[in-house]
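*Asks:* Okay, so here is model26.cif, and as you'll see once you scroll down, it has mmCIF, C-alpha atoms.
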```cif
data_entry
loop_
_atom_site.label_atom_id
_atom_site.label_comp_id
_atom_site.auth_asym_id
_atom_site.auth_seq_id
_atom_site.Cartn_x
_atom_site.Cartn_y
_atom_site.Cartn_z
CA MET A 22 -4.78 -7.65 -26.53
CA ILE A 23 -6.75 -8.21 -23.34
CA TYR A 24 -4.17 -10.64 -21.90
CA VAL A 25 -1.28 -8.21 -22.23
CA ARG A 26 -3.37 -5.50 -20.55
CA LEU A 27 -4.43 -7.87 -17.78
CA PHE A 28 -0.81 -8.82 -17.18
CA LEU A 29 0.36 -5.19 -17.07
CA GLU A 30 -2.49 -4.00 -14.83
CA PHE A 31 -1.81 -6.75 -12.30
CA PHE A 32 1.95 -6.32 -12.56
CA GLN A 33 1.38 -2.73 -11.46
CA ALA A 34 -0.91 -3.85 -8.62
CA GLY A 35 1.69 -6.39 -7.47
CA LEU A 36 4.47 -3.85 -7.56
CA PHE A 37 2.72 -1.11 -5.60
CA SER A 38 0.55 -2.93 -3.08
CA VAL A 39 2.36 -3.12 0.21
CA GLY A 40 1.33 -5.54 2.92
CA GLY A 41 -1.29 -8.25 3.14
CA GLY A 42 -3.99 -9.25 0.69
CA LEU A 43 -6.32 -6.35 1.43
CA ALA A 44 -3.68 -3.98 0.06
CA THR A 45 -4.54 -5.06 -3.50
CA ILE A 46 -8.18 -3.92 -3.19
CA PRO A 47 -7.55 -0.19 -3.85
CA PHE A 48 -5.65 -1.10 -7.02
CA LEU A 49 -8.51 -3.32 -8.14
CA THR A 50 -11.11 -0.57 -7.65
CA ASP A 51 -8.82 1.65 -9.72
CA ILE A 52 -8.52 -1.00 -12.47
CA GLY A 53 -12.30 -1.50 -12.52
CA ALA A 54 -12.94 2.24 -12.83
CA ARG A 55 -10.43 2.70 -15.64
CA THR A 56 -11.16 -0.39 -17.74
CA GLY A 57 -14.81 -1.17 -17.00
CA TRP A 58 -13.88 -4.86 -16.73
CA PHE A 59 -16.00 -5.23 -13.59
CA THR A 60 -18.32 -3.07 -11.46
CA PRO A 61 -17.74 -2.15 -7.81
CA GLY A 62 -20.59 -4.58 -7.02
CA ASP A 63 -18.74 -7.41 -8.79
CA LEU A 64 -15.65 -6.49 -6.79
CA ALA A 65 -17.54 -6.68 -3.48
CA ASN A 66 -18.68 -10.20 -4.41
CA MET A 67 -15.14 -11.16 -5.39
CA ILE A 68 -13.80 -9.93 -2.04
CA ALA A 69 -16.34 -12.16 -0.27
CA VAL A 70 -15.40 -15.21 -2.34
CA SER A 71 -11.67 -14.52 -1.91
CA GLU A 72 -12.02 -14.28 1.86
CA SER A 73 -13.94 -17.54 2.08
CA THR A 74 -11.65 -19.69 -0.07
CA PRO A 75 -8.14 -20.95 0.69
CA GLY A 76 -5.14 -19.11 -0.69
CA PRO A 77 -3.71 -15.61 -0.10
CA MET A 78 -6.46 -13.06 -0.65
CA GLY A 79 -4.59 -10.92 -3.15
CA VAL A 80 -3.86 -13.95 -5.31
CA ASN A 81 -7.49 -15.08 -5.17
CA MET A 82 -8.66 -11.61 -6.19
CA ALA A 83 -6.29 -11.54 -9.17
CA THR A 84 -7.41 -14.96 -10.35
CA TYR A 85 -11.06 -13.99 -9.98
CA VAL A 86 -10.78 -10.67 -11.80
CA GLY A 87 -8.67 -12.27 -14.54
CA PHE A 88 -11.12 -15.12 -15.02
CA HIS A 89 -14.10 -12.74 -15.01
CA THR A 90 -12.39 -10.62 -17.67
CA GLY A 91 -10.59 -13.13 -19.87
CA GLY A 92 -11.59 -16.70 -18.96
CA VAL A 93 -9.15 -19.36 -17.79
CA LEU A 94 -6.18 -17.85 -19.59
CA GLY A 95 -7.11 -14.43 -18.19
CA GLY A 96 -7.08 -15.84 -14.66
CA VAL A 97 -3.64 -17.35 -15.17
CA VAL A 98 -2.21 -14.22 -16.80
CA ALA A 99 -3.54 -11.86 -14.12
CA THR A 100 -2.16 -14.03 -11.33
CA LEU A 101 1.26 -14.29 -12.98
CA GLY A 102 1.21 -10.51 -13.45
CA LEU A 103 0.52 -10.01 -9.75
CA ILE A 104 3.34 -12.27 -8.54
CA CYS A 105 5.96 -11.25 -11.11
CA PRO A 106 7.16 -8.06 -9.36
CA SER A 107 7.53 -9.88 -6.03
CA VAL A 108 9.57 -12.65 -7.61
CA ILE A 109 11.79 -10.24 -9.54
CA VAL A 110 12.39 -7.89 -6.60
CA ILE A 111 13.08 -10.67 -4.09
CA LEU A 112 15.45 -12.50 -6.43
CA ILE A 113 17.35 -9.28 -7.08
CA ILE A 114 17.74 -8.25 -3.45
CA ALA A 115 18.20 -11.80 -2.10
CA GLY A 116 21.97 -11.38 -2.39
CA PHE A 117 22.20 -8.37 -0.12
CA LEU A 118 19.10 -8.92 1.94
CA GLN A 119 20.62 -8.26 5.35
CA LYS A 120 21.84 -4.86 4.15
CA PHE A 121 18.49 -4.14 2.55
CA ARG A 122 16.61 -4.92 5.75
CA GLN A 123 18.84 -2.82 7.93
CA SER A 124 18.94 0.09 5.50
CA ARG A 125 17.62 3.27 7.09
CA ALA A 126 16.34 4.50 3.74
CA VAL A 127 14.22 1.37 3.21
CA ASP A 128 12.91 1.69 6.74
CA ALA A 129 12.02 5.36 6.13
CA VAL A 130 10.21 4.57 2.87
CA PHE A 131 8.11 1.89 4.55
CA TYR A 132 7.43 4.22 7.49
CA GLY A 133 5.56 6.37 4.96
CA LEU A 134 4.14 3.53 2.86
CA ARG A 135 2.38 1.63 5.60
CA PRO A 136 -0.08 4.32 6.77
CA ALA A 137 -0.74 5.18 3.11
CA SER A 138 -1.55 1.56 2.34
CA THR A 139 -3.98 1.49 5.28
CA ALA A 140 -5.57 4.76 4.09
CA LEU A 141 -6.03 3.34 0.57
CA ILE A 142 -7.78 0.28 1.99
CA ALA A 143 -10.00 2.59 4.06
CA ALA A 144 -10.93 4.52 0.89
CA ALA A 145 -11.74 1.24 -0.87
CA LEU A 146 -13.88 0.34 2.14
CA LEU A 147 -15.89 3.54 1.60
CA GLN A 148 -16.55 2.43 -1.95
CA VAL A 149 -17.68 -1.05 -0.92
CA CYS A 150 -19.98 0.57 1.67
CA SER A 151 -21.40 2.88 -0.99
CA ILE A 152 -22.46 -0.23 -2.93
CA ALA A 153 -23.51 -2.49 -0.08
CA LEU A 154 -25.13 -0.14 2.41
CA VAL A 155 -26.63 2.67 0.35
CA ASP A 156 -28.19 3.06 -3.06
CA LEU A 157 -26.26 6.01 -4.47
CA SER A 158 -28.65 6.66 -7.38
CA ALA A 159 -31.65 6.95 -5.03
CA LEU A 160 -29.61 8.94 -2.52
CA THR A 161 -28.65 11.57 -5.07
CA GLY A 162 -32.09 11.34 -6.68
CA GLY A 163 -33.64 13.42 -3.91
CA ASP A 164 -35.01 10.69 -1.66
CA PRO A 165 -32.31 10.12 0.96
CA ALA A 166 -34.45 7.81 3.15
CA ALA A 167 -35.01 5.37 0.27
CA GLY A 168 -31.30 5.47 -0.55
CA ILE A 169 -30.20 3.67 2.59
CA ARG A 170 -30.36 -0.14 2.63
CA TRP A 171 -31.46 -0.43 6.24
CA LYS A 172 -31.36 -4.22 6.39
CA ALA A 173 -27.77 -4.23 5.14
CA VAL A 174 -26.75 -1.48 7.59
CA VAL A 175 -28.17 -3.44 10.54
CA LEU A 176 -26.42 -6.65 9.39
CA ALA A 177 -23.09 -4.86 8.89
CA ALA A 178 -23.36 -3.27 12.34
CA ALA A 179 -24.20 -6.63 13.91
CA VAL A 180 -21.20 -8.33 12.27
CA PHE A 181 -18.94 -5.46 13.29
CA LEU A 182 -20.07 -5.74 16.92
CA CYS A 183 -19.38 -9.50 16.81
CA LEU A 184 -15.87 -8.78 15.49
CA ARG A 185 -15.26 -6.48 18.50
CA ASN A 186 -16.28 -9.28 20.85
CA LYS A 187 -13.30 -11.05 22.38
CA LYS A 188 -14.64 -14.57 21.90
CA LEU A 189 -16.48 -14.15 18.61
CA LYS A 190 -13.65 -12.39 16.80
CA LYS A 191 -11.60 -15.58 16.90
CA LEU A 192 -14.12 -17.21 14.57
CA HIS A 193 -13.02 -17.49 10.97
CA PRO A 194 -14.41 -14.79 8.61
CA ILE A 195 -16.01 -17.55 6.55
CA VAL A 196 -18.46 -18.12 9.44
CA PHE A 197 -19.68 -14.52 9.27
CA ILE A 198 -19.79 -14.58 5.48
CA ALA A 199 -21.84 -17.79 5.38
CA LEU A 200 -24.25 -16.57 8.07
CA SER A 201 -24.68 -13.25 6.24
CA ALA A 202 -25.54 -15.10 3.04
CA VAL A 203 -28.24 -17.01 4.94
CA VAL A 204 -29.56 -13.77 6.48
CA GLY A 205 -29.57 -12.19 3.03
CA VAL A 206 -31.67 -15.03 1.60
CA VAL A 207 -34.07 -15.26 4.55
CA PHE A 208 -34.72 -11.53 4.80
CA GLN A 209 -34.72 -10.92 1.02
CA PHE A 210 -31.90 -8.36 0.92
CA MET B 22 14.15 -31.66 -10.34
CA ARG B 23 12.71 -33.57 -7.41
CA GLU B 24 13.65 -30.80 -5.05
CA TYR B 25 11.86 -28.21 -7.16
CA LEU B 26 8.75 -30.40 -7.27
CA ASP B 27 9.02 -30.79 -3.53
CA LEU B 28 9.12 -27.00 -3.06
CA PHE B 29 6.18 -26.57 -5.45
CA TRP B 30 4.20 -29.21 -3.59
CA THR B 31 5.02 -27.86 -0.11
CA PHE B 32 3.87 -24.37 -1.06
CA ALA B 33 0.82 -25.69 -2.89
CA LYS B 34 -0.17 -27.28 0.41
CA ILE B 35 0.48 -24.01 2.22
CA GLY B 36 -1.63 -22.11 -0.34
CA ALA B 37 -4.45 -24.60 -0.01
CA CYS B 38 -4.45 -24.37 3.79
CA THR B 39 -4.14 -20.60 4.16
CA PHE B 40 -7.31 -18.59 4.52
CA GLY B 41 -6.97 -14.82 4.36
CA GLY B 42 -3.63 -13.15 3.89
CA GLY B 43 0.04 -13.39 4.63
CA TYR B 44 -0.27 -13.51 8.40
CA ALA B 45 -2.58 -16.53 8.27
CA MET B 46 0.25 -18.33 6.51
CA LEU B 47 2.70 -18.17 9.42
CA PRO B 48 1.44 -21.11 11.53
CA ILE B 49 1.28 -23.38 8.46
CA LEU B 50 4.79 -22.36 7.38
CA GLN B 51 5.95 -23.15 10.88
CA ARG B 52 4.50 -26.64 10.76
CA GLU B 53 5.72 -27.47 7.24
CA LEU B 54 9.20 -25.97 7.32
CA VAL B 55 10.28 -25.94 10.95
CA GLU B 56 8.55 -28.90 12.56
CA LYS B 57 8.10 -31.39 9.70
CA ARG B 58 11.18 -30.78 7.57
CA GLY B 59 13.51 -29.02 9.93
CA CYS B 60 14.79 -26.95 7.00
CA ALA B 61 14.38 -23.59 8.75
CA THR B 62 14.56 -22.33 12.31
CA GLU B 63 11.97 -20.16 14.05
CA GLU B 64 14.32 -17.18 13.80
CA GLN B 65 14.77 -17.69 10.06
CA LEU B 66 11.00 -17.79 9.63
CA ALA B 67 10.64 -14.52 11.51
CA ASP B 68 13.30 -13.07 9.18
CA TYR B 69 11.52 -14.35 6.08
CA PHE B 70 8.36 -12.64 7.25
CA ALA B 71 10.07 -9.37 8.01
CA ILE B 72 11.46 -9.39 4.49
CA GLY B 73 8.05 -10.22 3.04
CA GLN B 74 6.74 -7.11 4.74
CA CYS B 75 9.43 -4.70 3.64
CA THR B 76 9.49 -5.54 -0.06
CA PRO B 77 6.85 -4.50 -2.58
CA GLY B 78 4.06 -6.97 -3.20
CA ILE B 79 1.85 -9.28 -1.18
CA ILE B 80 3.47 -10.68 1.96
CA ALA B 81 2.53 -14.30 1.24
CA VAL B 82 4.02 -14.21 -2.27
CA ASN B 83 7.19 -12.46 -1.10
CA THR B 84 7.70 -14.97 1.67
CA ALA B 85 7.22 -17.93 -0.69
CA THR B 86 9.72 -16.55 -3.20
CA PHE B 87 12.24 -15.89 -0.48
CA VAL B 88 11.97 -19.27 1.19
CA GLY B 89 12.20 -21.02 -2.20
CA HIS B 90 15.21 -18.93 -3.15
CA SER B 91 17.04 -19.64 0.08
CA ARG B 92 16.44 -23.38 -0.38
CA LYS B 93 17.18 -23.87 -4.07
CA GLY B 94 18.23 -20.60 -5.72
CA LYS B 95 16.31 -18.68 -8.36
CA THR B 96 14.45 -21.67 -9.81
CA GLY B 97 13.51 -22.67 -6.29
CA GLY B 98 12.03 -19.21 -5.68
CA VAL B 99 9.93 -19.47 -8.81
CA ALA B 100 8.84 -23.06 -8.04
CA ALA B 101 7.72 -22.15 -4.50
CA THR B 102 5.77 -19.10 -5.70
CA LEU B 103 4.02 -21.01 -8.48
CA GLY B 104 3.15 -23.68 -5.92
CA LEU B 105 1.64 -21.08 -3.61
CA VAL B 106 -0.73 -19.66 -6.24
CA PHE B 107 -1.66 -23.00 -7.84
CA PRO B 108 -4.54 -23.91 -5.46
CA SER B 109 -6.00 -20.38 -5.77
CA LEU B 110 -6.04 -20.68 -9.55
CA VAL B 111 -7.91 -23.97 -9.50
CA ILE B 112 -10.34 -23.25 -6.66
CA ILE B 113 -11.23 -19.67 -7.63
CA MET B 114 -11.82 -20.52 -11.27
CA LEU B 115 -14.11 -23.43 -10.35
CA ILE B 116 -16.13 -21.21 -8.01
CA ALA B 117 -16.21 -18.29 -10.45
CA ALA B 118 -17.37 -20.53 -13.31
CA PHE B 119 -20.05 -21.99 -11.04
CA LEU B 120 -21.25 -18.58 -9.85
CA GLN B 121 -21.35 -17.21 -13.39
CA ASN B 122 -24.04 -19.75 -14.23
CA PHE B 123 -26.15 -18.98 -11.19
CA ALA B 124 -25.55 -15.25 -10.69
CA HIS B 125 -28.95 -14.32 -12.12
CA LEU B 126 -30.95 -16.42 -9.61
CA PRO B 127 -32.78 -14.29 -7.00
CA VAL B 128 -31.53 -16.48 -4.16
CA VAL B 129 -27.90 -15.90 -5.20
CA ILE B 130 -28.49 -12.15 -5.49
CA HIS B 131 -30.05 -12.01 -2.01
CA ALA B 132 -27.21 -14.08 -0.56
CA PHE B 133 -24.56 -11.80 -2.07
CA ASN B 134 -26.35 -8.66 -0.92
CA GLY B 135 -26.12 -10.04 2.62
CA VAL B 136 -22.50 -11.03 2.11
CA ARG B 137 -21.56 -7.55 0.85
CA ALA B 138 -22.82 -6.02 4.10
CA CYS B 139 -20.66 -8.53 5.99
CA VAL B 140 -17.63 -7.64 3.83
CA CYS B 141 -17.98 -3.99 4.93
CA ALA B 142 -17.76 -5.02 8.57
CA LEU B 143 -14.81 -7.38 7.94
CA ILE B 144 -12.78 -4.77 6.06
CA LEU B 145 -13.56 -2.09 8.65
CA SER B 146 -12.35 -4.39 11.38
CA SER B 147 -9.13 -5.14 9.44
CA VAL B 148 -8.53 -1.44 8.76
CA LEU B 149 -8.84 -0.63 12.46
CA LYS B 150 -6.32 -3.37 13.27
CA LEU B 151 -3.94 -2.25 10.52
CA ARG B 152 -4.22 1.36 11.66
CA LYS B 153 -3.01 0.42 15.11
CA ASN B 154 0.23 -0.96 13.62
CA THR B 155 0.81 1.55 10.84
CA VAL B 156 -0.35 4.86 12.27
CA ILE B 157 2.15 5.12 15.07
CA ASP B 158 2.85 8.82 15.54
CA ARG B 159 1.81 12.27 14.35
CA PRO B 160 3.46 12.25 10.89
CA THR B 161 1.98 8.85 10.03
CA ALA B 162 -1.43 10.04 11.28
CA VAL B 163 -1.22 13.06 8.96
CA LEU B 164 -0.16 10.83 6.06
CA PHE B 165 -3.07 8.49 6.76
CA ILE B 166 -5.64 11.31 6.73
CA VAL B 167 -4.22 13.05 3.64
CA VAL B 168 -4.00 9.83 1.59
CA LEU B 169 -7.48 8.78 2.70
CA LEU B 170 -8.96 12.14 1.63
CA LEU B 171 -7.15 12.16 -1.72
CA ALA B 172 -8.04 8.53 -2.45
CA ALA B 173 -11.69 9.15 -1.53
CA VAL B 174 -11.83 12.15 -3.87
CA GLY B 175 -10.21 10.04 -6.58
CA THR B 176 -12.80 7.31 -6.06
CA PHE B 177 -15.99 9.32 -5.77
CA VAL B 178 -15.45 12.51 -7.76
CA SER B 179 -15.50 12.32 -11.53
CA PHE B 180 -13.15 14.67 -13.37
CA ASP B 181 -14.56 13.84 -16.80
CA GLY B 182 -14.83 16.98 -18.88
CA VAL B 183 -12.83 19.06 -16.41
CA PRO B 184 -9.75 20.55 -18.09
CA GLY B 185 -6.81 18.37 -17.14
CA GLY B 186 -9.20 15.76 -15.73
CA ALA B 187 -7.05 12.85 -16.88
CA VAL B 188 -4.05 14.37 -15.10
CA ILE B 189 -6.03 14.81 -11.87
CA ASP B 190 -7.28 11.21 -12.10
CA PHE B 191 -3.70 10.03 -12.52
CA LEU B 192 -2.42 12.10 -9.59
CA LEU B 193 -5.10 10.62 -7.33
CA SER B 194 -4.46 7.02 -8.43
CA PRO B 195 -3.22 4.53 -5.80
CA VAL B 196 0.14 4.12 -7.59
CA VAL B 197 0.97 7.84 -7.36
CA LEU B 198 -0.28 8.07 -3.77
CA VAL B 199 1.86 5.09 -2.71
CA VAL B 200 4.98 6.48 -4.37
CA ALA B 201 4.36 9.92 -2.84
CA ALA B 202 3.86 8.40 0.62
CA GLY B 203 7.16 6.51 0.32
CA ALA B 204 8.89 9.74 -0.63
CA ALA B 205 7.19 11.52 2.26
CA GLY B 206 8.47 8.83 4.64
CA LEU B 207 12.02 9.45 3.41
CA CYS B 208 11.66 13.23 3.82
CA ILE B 209 10.14 13.00 7.31
CA ARG B 210 12.91 10.70 8.54
CA ALA B 211 15.58 12.83 6.88
CA ALA B 212 14.18 15.99 8.49
CA LYS B 213 14.10 14.31 11.91
CA GLY B 214 17.61 12.94 11.50
CA GLY B 215 18.82 16.38 10.44
CA GLY B 216 17.18 17.96 13.49
CA ARG B 217 19.03 15.62 15.83
CA ALA B 218 22.39 16.08 14.15
#
```
Here is a file; write its structure as structure tokens.
*Replies:*
Amino acid sequence: MIYVRLFLEFFQAGLFSVGGGLATIPFLTDIGARTGWFTPGDLANMIAVSESTPGPMGVNMATYVGFHTGGVLGGVVATLGLICPSVIVILIIAGFLQKFRQSRAVDAVFYGLRPASTALIAAALLQVCSIALVDLSALTGGDPAAGIRWKAVVLAAAVFLCLRNKKLKKLHPIVFIALSAVVGVVFQF
Amino acid sequence: MREYLDLFWTFAKIGACTFGGGYAMLPILQRELVEKRGCATEEQLADYFAIGQCTPGIIAVNTATFVGHSRKGKTGGVAATLGLVFPSLVIIMLIAAFLQNFAHLPVVIHAFNGVRACVCALILSSVLKLRKNTVIDRPTAVLFIVVLLLAAVGTFVSFDGVPGGAVIDFLLSPVVLVVAAGAAGLCIRAAKGGGRA
């Protein structure tokens, strides 16, 4: 039953991703690798769409992956799976929330969780780069120069420099995503 | 019933107006809950957010559940959360269905190849920002490096055919790494506390 699996996979992602929307990405790369539902390339496209549409990014990603895998019902099931753990946990602890927040144990656990969550996103970034900026099959095929997508590397570096700029970094990501799509079409990426 | 619909609708609006993640939601929450309805104070909002960050799951979802719960109990929490995800469901499925029909066109492929390069830069920039707030001292720096190395090995190295490969794959999965990091946080703090006492 694909829907049951979708629900369980996203339940797990919802339970263990800590922080903002990007935190779900490592779990999605893991799901893709284990189930073959989508390729890392698909995932990179989904990240772009999720960043340029309204709604929390993690939710958008779940809907997209679910829809890609199991149609409309798949999208609904995956999204419900993702939000279920949050709803359950919050409703359980809502009664003693003040205690929970001030608990030293909870604080200690999150002290360890937060850098790990960042590290997992960094590892997922490496995977997206390995799709977007290099051609792994050519790289390992003995022709390293042909394995690097130079146009993509230059574009990524340019966007990164813009994001370091004090004025430009205030622009919404959708601006950079839209411009990159135009650059991709014009320069035949 | 009306109050539940109202919660659903309020959070549907918030979902439809939020781009990005949980933090992007804060100004819209402020406008809807504090300024327009007066049903929460600035301090309460800050509290809601702190709770969203220190419970498992995505901050935006956690915050929605909590606000809904504090307004109208358990059903309120569910209504607010369903409201939050409703716009995503509709919008993403429309776009995904549209893209599915055009994904084979060369112009779409070129556009997405450009967009993927941009996504690398955007995520890198977010990771650098996150690192500033999460890697705050030497133990967290060590945790960051160890988890990054293990996760990278898990992502890029295939253990197919290696004896115990499935076990290694499992040990390097994000779930296990997250649980281990939480345990490590407990141990580090306990060790420090013990040292002081």
*Asks:* Would you place a box with edges along x, y and z of the file around all atoms of segment 186-195 of chain A listed there, add 3 Å to each of its six sides, and report the centre and edge lengths in Å to one decimal, as lines of an AutoDock Vina configuration file?
*Replies:*
```
center_x = -14.0
center_y = -13.4
center_z = 14.5
size_x = 10.9
size_y = 14.3
size_z = 21.8
```
*Asks:* Interatomic distance between atom CA of Gln148 of chain A and atom CA of Ala65 of chain A?
*Replies:*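 Interatomic distance, atom CA of Gln148 of chain A to atom CA of Ala65 of chain A: 9.3 Å.
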*Asks:* Find the residue from B:Ile49, B:Ala71, B:Ala202, B:Ile116 that sits nearest to chain A; use all atoms listed in the file when measuring.
*Replies:* B:Ala202
*Asks:* Expand the PyMOL selection byres ((chain B) within 6 of (chain A)) into the explicit residue set it covers here, and present it as a VMD selection string.
*Replies:* chain B and resid 36 to 43 74 77 to 80 83 86 109 to 110 128 131 to 132 134 to 139 141 to 142 155 to 156 161 165 168 to 169 172 to 173 202 to 203 206 to 207 210
*Asks:* Extract, using only C-alpha atoms, all DNA, RNA and protein residues at most 9 Å from segment 23-34 of chain B, discarding same-chain residues fewer than 2 positions from it, and format them as a list in words.
*Replies:*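 After dropping sequence-adjacent residues, the list is Gly36, Ala37, Cys38, Thr39, Leu50, Glu53, Leu54, Ala85, Gly89, Arg92, Lys93, Thr96, Gly97, Gly98, Val99, Ala100, Ala101, Thr102, Leu103, Gly104, Leu105, Val106, Phe107 and Pro108 of chain B.
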*Asks:* Quick one, how far is atom CA of Ala204 of chain B from atom CA of Val167 of chain B?
*Replies:* 14.2 Å
*Asks:* Suppose you want the space between atom CA of Thr176 of chain B and atom CA of Ile189 of chain B; what is it in Å?
*Replies:*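 Answer for the atom CA of Thr176 of chain B to atom CA of Ile189 of chain B separation: 11.7 Å.
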